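**Student:** One structure coming up, written as structure tokens, with questions to follow.
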Amino acid sequence: MASSMRSLISDHNQYVESFHLFLENSTEHQCMLEFIEKKLPGIISSIGNGKSAINILSVGGGSGEIDLQILSKVQAKHPGVTINNEVIEPSSEQILSYKERVAKTSNLENIKFTWYKETSSEYESRMKEKKEFKKWDFIHMIQMLYYVKDFPATIQYFHSLLEAKAKLLIILVSGTSGWARLWKKYGPRLPLNDLCLYVSSADIKEQLNAIGLKYQDYELPSTMDITNCFIKGNKEGELLLDFLTETCYFSKTAPLDLKNEIMEELKKPECSEEKDGKVFFNNNLSAIVIEP
């Protein structure tokens, strides 16, 4: 591997820019919102039954866009009930965005928000140190298990905090997605960062089966328009390639053979489909709902 290749996570600004471009070019949020709209109300119908307050833990809540959609569904299912929504998020910028979003949103009167600027493992250590084992009615971990050192242990810890009728929701890339294929095939040749794991729903389900936890999984079809990646010198295309490979300035720093192989791979039907002259990458997600 060329020594000049480095992980995208190591350059915060480049990561944020490529991530925003990814959201603009993909149906990532739309497919999650559709799941929240159509499936989540049934999933959360029994949480907090008969309780005067519902406790929700958002692990890696980001800027709160998806969190607030989830909360609106909990409010609709359990009208008038107090909701304690606690958020674990290591980025102070994201927490600030989340707080700004809350300030601009109406109908949140019965929700109490608390933010913890820390990672999930820091939260776990802090709770264990305080010998605090607070139980939750709903815990969700959306697109965050790539950033933990030991995902089976992380899942088991948060699962142990579920109330009797609670649910743990995990959303991450599907084992059938182009991501899973790219990571399996090229992960060892890309600048893996110890902050980022190549993990898909297939890995999660394998672990859940091994430890005997009951779950349901839902496939969330999603695509990302990567047409610009094939236009030489296109800045947006280069940024999307950075995001796809988790590599900073991939087009400029990757060895030619690796670059050519990945560009070929991206066009294969296992990764993408061509439609109306455009190339759409398979960005399918999986939502896994784990029982207590």
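Chain labels follow the order of the structure tokens: the first chain is A, the next B, and so on; residue numbering restarts at 1 in every chain, and ligands are counted from 1 in their shown order.
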Could you list, as an MDAnalysis selection string, every residue within 9 Å of Ser200 in chain A, counting only C-alpha atoms and ignoring same-chain residues fewer than 4 positions away?

**Tutor:** chainID A and resid 145:146 172:177 179:180 204:205 285:286

**Student:** Would you return as a ChimeraX atom specification the members of range 120-243 of chain A that DSSP assigns to alpha helix (DSSP H) on this structure's backbone?

**Tutor:** /A:120-129,151-159,178-186,201-211,235-243

**Student:** So how far away is CA of Ser58 in chain A from CA of Ser160 in chain A, in Å?

**Tutor:** 15.2 Å

**Student:** Taking only C-alpha atoms into account, name the residue in A:Ile9, A:Ile70, A:Phe138, A:Thr105 that is nearest to Leu161 in chain A.

**Tutor:**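 Using only C-alpha atoms, the shortest distance to Leu161 in chain A belongs to A:Phe138.
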
**Student:** Which value, in Å to one decimal, gives the distance between CA of Lys184 in chain A and CA of Asp276 in chain A?

**Tutor:**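 Distance reported for this atom pair: 28.9 Å.
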
**Student:** Show which residues sit within 10 Å of Asn55 in chain A, as a list in words. Count only C-alpha atoms, and ignore same-chain residues fewer than 2 positions away.

**Tutor:** Ile47, Gly48, Lys51, Ala53, Leu57, Thr82, Ile83, Asn84, Asn85, Glu86, Ile111, Lys112, Lys134, Lys135, Trp136, Asp137, Phe138, Ile139, Glu163 and Ala166 of chain A

**Student:** Contacts of Gly237 in chain A at 10 Å or less, counting only C-alpha atoms, minus same-chain residues fewer than 3 places along, as a ChimeraX atom specification?

**Tutor:** /A:18,21,225-234,240-243,251

**Student:** Find the residues near Gly178 in chain A: any atom within 12 Å, counting only C-alpha atoms, skip ones fewer than 5 places away on the same chain, and give them as JSON, numbers by chain.

**Tutor:** {"A": [173, 183, 184, 185, 186, 200, 221, 222, 223, 224, 226, 244, 245, 262, 265, 266, 267, 268, 269, 270, 271, 272, 273, 280, 281, 282, 283, 284, 285]}

**Student:** Can you pull out the residues contacting Ile88 in chain A? Cut-off 6 Å, using only C-alpha atoms, and skip same-chain residues under 5 positions away; I want them as a list of chain:residue names.

**Tutor:**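 Close residues of Ile88 in chain A: A:Val59, A:Gly60, A:Tyr116.
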
**Student:** Name all residues at most 12 Å from Glu122 in chain A (count only C-alpha atoms; drop same-chain ones fewer than 4 positions away) and give them as a list in words.

**Tutor:**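 Counting only the stated atoms, we get Val59, Ile88, Glu89, Pro90, Tyr116, Lys117, Glu118, Arg126, Met127, Lys128, Glu129, Val148, Lys149 and Thr154 of chain A.
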
**Student:** Export, as a PDB file, in the first residue's frame, the selected residues with C-alpha atoms.

**Tutor:**
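The result, written out as result-v1.pdb:
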```pdb
ATOM      1  CA  VAL A  59     -26.065   6.250  20.912  1.00  0.00           C
ATOM      2  CA  ILE A  88     -24.283  10.083  23.523  1.00  0.00           C
ATOM      3  CA  GLU A  89     -22.299  11.957  20.848  1.00  0.00           C
ATOM      4  CA  PRO A  90     -18.514  12.559  20.795  1.00  0.00           C
ATOM      5  CA  TYR A 116     -23.148  13.625  26.801  1.00  0.00           C
ATOM      6  CA  LYS A 117     -20.082  14.580  24.798  1.00  0.00           C
ATOM      7  CA  GLU A 118     -18.430  11.160  24.782  1.00  0.00           C
ATOM      8  CA  ARG A 126     -18.429   6.073  33.245  1.00  0.00           C
ATOM      9  CA  MET A 127     -21.608   4.147  34.092  1.00  0.00           C
ATOM     10  CA  LYS A 128     -19.684   1.104  35.313  1.00  0.00           C
ATOM     11  CA  GLU A 129     -17.463   3.339  37.456  1.00  0.00           C
ATOM     12  CA  VAL A 148     -16.404   1.161  18.116  1.00  0.00           C
ATOM     13  CA  LYS A 149     -13.438  -1.051  18.900  1.00  0.00           C
ATOM     14  CA  THR A 154     -20.891  -2.841  22.628  1.00  0.00           C
TER      15      THR A 154
END
```

**Student:** Quick check for you: according to DSSP on this backbone, which residues of range 25-65 of chain A are classed as strand (DSSP E)? Reply as a PDB file with N, CA and C atoms, in the first residue's frame.

**Tutor:**
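result38.pdb, freshly written:
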```pdb
ATOM      1  N   ALA A  53     -43.277   7.830  32.257  1.00  0.00           N
ATOM      2  CA  ALA A  53     -42.148   8.411  31.509  1.00  0.00           C
ATOM      3  C   ALA A  53     -41.478   7.316  30.673  1.00  0.00           C
ATOM      4  N   ILE A  54     -41.037   7.696  29.495  1.00  0.00           N
ATOM      5  CA  ILE A  54     -40.334   6.762  28.609  1.00  0.00           C
ATOM      6  C   ILE A  54     -38.889   7.234  28.480  1.00  0.00           C
ATOM      7  N   ASN A  55     -37.957   6.316  28.713  1.00  0.00           N
ATOM      8  CA  ASN A  55     -36.530   6.656  28.646  1.00  0.00           C
ATOM      9  C   ASN A  55     -35.916   6.148  27.351  1.00  0.00           C
ATOM     10  N   ILE A  56     -35.346   7.085  26.594  1.00  0.00           N
ATOM     11  CA  ILE A  56     -34.752   6.748  25.295  1.00  0.00           C
ATOM     12  C   ILE A  56     -33.280   7.132  25.302  1.00  0.00           C
ATOM     13  N   LEU A  57     -32.442   6.224  24.814  1.00  0.00           N
ATOM     14  CA  LEU A  57     -31.009   6.496  24.714  1.00  0.00           C
ATOM     15  C   LEU A  57     -30.594   6.455  23.251  1.00  0.00           C
ATOM     16  N   SER A  58     -30.043   7.575  22.792  1.00  0.00           N
ATOM     17  CA  SER A  58     -29.557   7.678  21.416  1.00  0.00           C
ATOM     18  C   SER A  58     -28.036   7.565  21.446  1.00  0.00           C
ATOM     19  N   VAL A  59     -27.517   6.487  20.882  1.00  0.00           N
ATOM     20  CA  VAL A  59     -26.065   6.250  20.912  1.00  0.00           C
ATOM     21  C   VAL A  59     -25.477   6.707  19.576  1.00  0.00           C
TER      22      VAL A  59
END
```

**Student:** How far is it from CA of Arg6 in chain A to CA of His29 in chain A, in Å with one decimal?

**Tutor:** 27.6 Å

**Student:** Which of these, A:Leu258, A:Leu182, A:Ile211, A:Ile66, has the shortest distance to Gln143 in chain A once you count only C-alpha atoms?

**Tutor:**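 For Gln143 in chain A, the nearest of the candidates is A:Ile66.
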